[in-house]
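*Asks:* Please find one structure pasted underneath; my questions will follow.
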Amino acid sequence: MLVTATFALLASFQAPYDLVIQGGRVMDPETGLDAVMNVGIRGGSIVRLSTERLRGARTIDARGLIVAPGFIDLHSHGQDAENYRLKALDGVTTALEMEIGVPDVASFLAERRGRALIHFGATASHPFARVKALGGAIVPGAIVPASSPATQKPVAAEQLAPIKDLLRKGLEAGALGIGMGIAYTPGATRFEVIEMFRLAAQHRVPVFTHVRSSGGNEPGSSIESVGEVIAASAVSGASLHIVHINSSGLKDAPECLRLVEGARARGLDVTTEAYPYIAGMTAVNSAIFDPGWQDRIGVSYQDLQLVETGERLTKDRFEQLHGMTEPKLVLIFQNTDEMVDSVIAHPLVMIASDGHIQNGKGHPRGAGTYARILSRHVRSQQRLTMMDALRKMSLMPAQRLERATAAARKKGRLQEGADADIVVFDPRSVTDRATYESPAQPSSGFKYVLVSGTPVVEEGKIVENVTPGRALVRE
């Protein structure tokens, strides 16, 4: 017995963990684990959870702090160093461009490999594939294509082939699904939409979509638009994720959520998300603002605020901006706190930011979404339990990704064998600081953020010269 104990003791000293997180409140939304434990990390993975003291090459004291899976943002338009830093300071360890997707998946992934602070990935973009196939112009860096004949024009069935070919190329390069912004391609017929869903089903990946329209007017209501994509999922067999149901649903968001509930109850793989702000943001020269937009969206010129200058728009200023080739972002104040809060609390709704910050300008959701959930919805309002909030921000997005990549099965969990993508935060002080006036103010209260076991945030500050982020790709 003495010899056995001696060998065990020697082994523990010879093979310490790379990193130990000690004494934190460890929370895992999949198993329901909620206990003070120690976390042993080696080789980028969680290899031990224990109440016993663990020995590591480095130890983080997490007493009084929550230790949770890193947050997964399925809807992050900001895919550069500026945005990755703000995401990490908001507890995000994986940020993906899934709504619209990217024009060239292979180039997108290659440009970030070995250079990213956090994990990244994207869908193959139907809007950009459509514009390219129809001979339209794609402005480098644009989040969505500008309104043009390539977005407005219906196409014949035989013209869909080049669009599909471009999407297949993206999927072969590692795209995690097909991104559709139907509101940005109003020329896409119901048949075209269904054909894109059929392509996704053939490749066993989800469709991530901004639905065709929002508002209460028929035709073109939120309810009709959500019904369109649920029907496309039903007839094609493709999994469906509806982005920002808060801003697409507006006052009818509760009924839109009932449609999602009904689809899921009948066996369809349909999921959705929301962000915790009353304003949206998009490009003012996009098809969202084609004639009739005031009635469709239910807002007018004074409800639009130019991100670049902070000015509220007039009719003349709007028309000047809408006709520009260069994309200009505007905030759209179109919702209420009461509606957004009720959507966030719905058990089927996961959290995604729809964020994008450029040179310090943008929408506060790009920097503060996840801290806002914890400070407003958990701590202040107590509409969500801590475990429910963590589930919405980590496990549920990971489960949505599992249809496309097996790598997602090791994310969104804090378990032995899971990836060491971990956030350590103070539940008493975590706070979003980003505002509409200062949208790039980083969140506070996230003490440590680990990506594949490598700290990218320490004591609330970015760790310089580390790039542990890896591509999530279709498998």
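Letters A, B, ... mark the chains of the structure tokens in the order given; residue numbers begin at 1 per chain; ligand numbers begin at 1, in order shown.
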Applying 6 Å and only C-alpha atoms, which residues near Phe446 in chain A remain after dropping the ones on its own chain fewer than 2 positions away? List them as a short mmCIF file (atom, residue, chain, number, x, y, z; two decimals) with N, CA and C atoms, in the first residue's frame.

*Replies:*
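Ended up saving to out-v5.cif:
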```cif
data_model
loop_
_atom_site.label_atom_id
_atom_site.label_comp_id
_atom_site.auth_asym_id
_atom_site.auth_seq_id
_atom_site.Cartn_x
_atom_site.Cartn_y
_atom_site.Cartn_z
N PHE A 425 -16.10 34.47 -14.28
CA PHE A 425 -16.62 35.83 -14.09
C PHE A 425 -17.24 36.00 -12.71
N SER A 444 -17.32 44.50 -18.37
CA SER A 444 -16.46 44.29 -17.20
C SER A 444 -16.99 43.13 -16.39
N TYR A 448 -11.37 35.96 -16.31
CA TYR A 448 -10.53 35.12 -17.17
C TYR A 448 -11.39 34.54 -18.28
N GLY A 460 -9.35 40.56 -16.34
CA GLY A 460 -10.20 41.49 -17.05
C GLY A 460 -9.53 42.22 -18.20
#
```

*Asks:* Sorted by chain and rising residue number, list the residues of range 202-303 of chain A at most 8 Å from range 313-336 of chain A (counting only C-alpha atoms), each with its closest atom pair and distance in Å to one decimal, as JSON lines.

*Replies:*
```
{"residue": "A:Ser247", "atom": "CA", "partner": "A:Asn335", "partner_atom": "CA", "distance": 7.1}
{"residue": "A:Leu250", "atom": "CA", "partner": "A:Asn335", "partner_atom": "CA", "distance": 6.1}
{"residue": "A:Lys251", "atom": "CA", "partner": "A:Asn335", "partner_atom": "CA", "distance": 7.6}
{"residue": "A:Ile278", "atom": "CA", "partner": "A:Asn335", "partner_atom": "CA", "distance": 4.7}
{"residue": "A:Ala279", "atom": "CA", "partner": "A:Phe333", "partner_atom": "CA", "distance": 4.3}
{"residue": "A:Gly280", "atom": "CA", "partner": "A:Ile332", "partner_atom": "CA", "distance": 4.9}
{"residue": "A:Met281", "atom": "CA", "partner": "A:Leu331", "partner_atom": "CA", "distance": 4.4}
{"residue": "A:Thr282", "atom": "CA", "partner": "A:Leu329", "partner_atom": "CA", "distance": 5.4}
{"residue": "A:Ala283", "atom": "CA", "partner": "A:Leu329", "partner_atom": "CA", "distance": 4.4}
{"residue": "A:Val284", "atom": "CA", "partner": "A:His322", "partner_atom": "CA", "distance": 5.4}
{"residue": "A:Asn285", "atom": "CA", "partner": "A:His322", "partner_atom": "CA", "distance": 4.2}
{"residue": "A:Ser286", "atom": "CA", "partner": "A:His322", "partner_atom": "CA", "distance": 7.5}
{"residue": "A:Phe289", "atom": "CA", "partner": "A:His322", "partner_atom": "CA", "distance": 7.6}
{"residue": "A:Ile297", "atom": "CA", "partner": "A:Gln334", "partner_atom": "CA", "distance": 7.9}
{"residue": "A:Gly298", "atom": "CA", "partner": "A:Gln334", "partner_atom": "CA", "distance": 7.5}
{"residue": "A:Val299", "atom": "CA", "partner": "A:Gln334", "partner_atom": "CA", "distance": 6.5}
{"residue": "A:Tyr301", "atom": "CA", "partner": "A:Leu313", "partner_atom": "CA", "distance": 5.4}
{"residue": "A:Gln302", "atom": "CA", "partner": "A:Leu313", "partner_atom": "CA", "distance": 5.5}
{"residue": "A:Asp303", "atom": "CA", "partner": "A:Phe333", "partner_atom": "CA", "distance": 5.3}
```

*Asks:* Give me, as a list in words, all polymer residues having an atom no more than 8 Å from range 136-146 of chain A, counting only C-alpha atoms and skipping those fewer than 2 positions away in the same chain.

*Replies:* His77, Ile100, Pro127, Phe128, Val131, Lys132, Ala133, Leu134, Ser148, Pro149, Ala150, Thr151, Tyr184, Ala283, Asn285, Ser286, Ala287, Thr325, Glu326 and Pro327 of chain A

*Asks:* Would you mind writing down, as a PDB file with C-alpha atoms, in the first residue's frame, each residue of range 122-151 of chain A that DSSP on the backbone assigns to alpha helix (DSSP H)?

*Replies:*
```
ATOM      1  CA  HIS A 126     -26.822  32.761 -50.483  1.00  0.00           C
ATOM      2  CA  PRO A 127     -27.154  36.571 -50.835  1.00  0.00           C
ATOM      3  CA  PHE A 128     -23.576  37.011 -52.038  1.00  0.00           C
ATOM      4  CA  ALA A 129     -23.718  33.874 -54.220  1.00  0.00           C
ATOM      5  CA  ARG A 130     -26.881  35.230 -55.836  1.00  0.00           C
ATOM      6  CA  VAL A 131     -25.321  38.631 -56.508  1.00  0.00           C
ATOM      7  CA  LYS A 132     -22.164  37.070 -57.925  1.00  0.00           C
ATOM      8  CA  ALA A 133     -24.068  34.606 -60.111  1.00  0.00           C
ATOM      9  CA  PRO A 149     -31.135  44.176 -59.796  1.00  0.00           C
ATOM     10  CA  ALA A 150     -29.098  41.198 -58.532  1.00  0.00           C
ATOM     11  CA  THR A 151     -31.038  41.280 -55.243  1.00  0.00           C
TER      12      THR A 151
END
```

*Asks:* DSSP on the backbone, strand (DSSP E) only: what residues of range 91-274 of chain A does that give? Format it as a ChimeraX atom specification.

*Replies:* /A:92-102,119-125,178-181,207-210,240-242,270-274

*Asks:* Neighbouring residues of Glu30 in chain A were defined as those with any atom within 9 Å, considering only C-alpha atoms; residues of the same chain fewer than 4 positions away were excluded. Please report them as a short mmCIF file (atom, residue, chain, number, x, y, z; two decimals) with C-alpha atoms, in the first residue's frame.

*Replies:*
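Saved to part.cif:
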```cif
data_model
loop_
_atom_site.label_atom_id
_atom_site.label_comp_id
_atom_site.auth_asym_id
_atom_site.auth_seq_id
_atom_site.Cartn_x
_atom_site.Cartn_y
_atom_site.Cartn_z
CA ARG A 391 -27.55 27.35 -21.36
CA LEU A 395 -24.98 24.76 -24.72
CA GLY A 412 -20.75 24.62 -24.71
CA ARG A 413 -20.06 22.19 -21.87
CA LEU A 414 -17.91 22.19 -18.76
CA GLN A 415 -17.20 18.49 -18.47
#
```
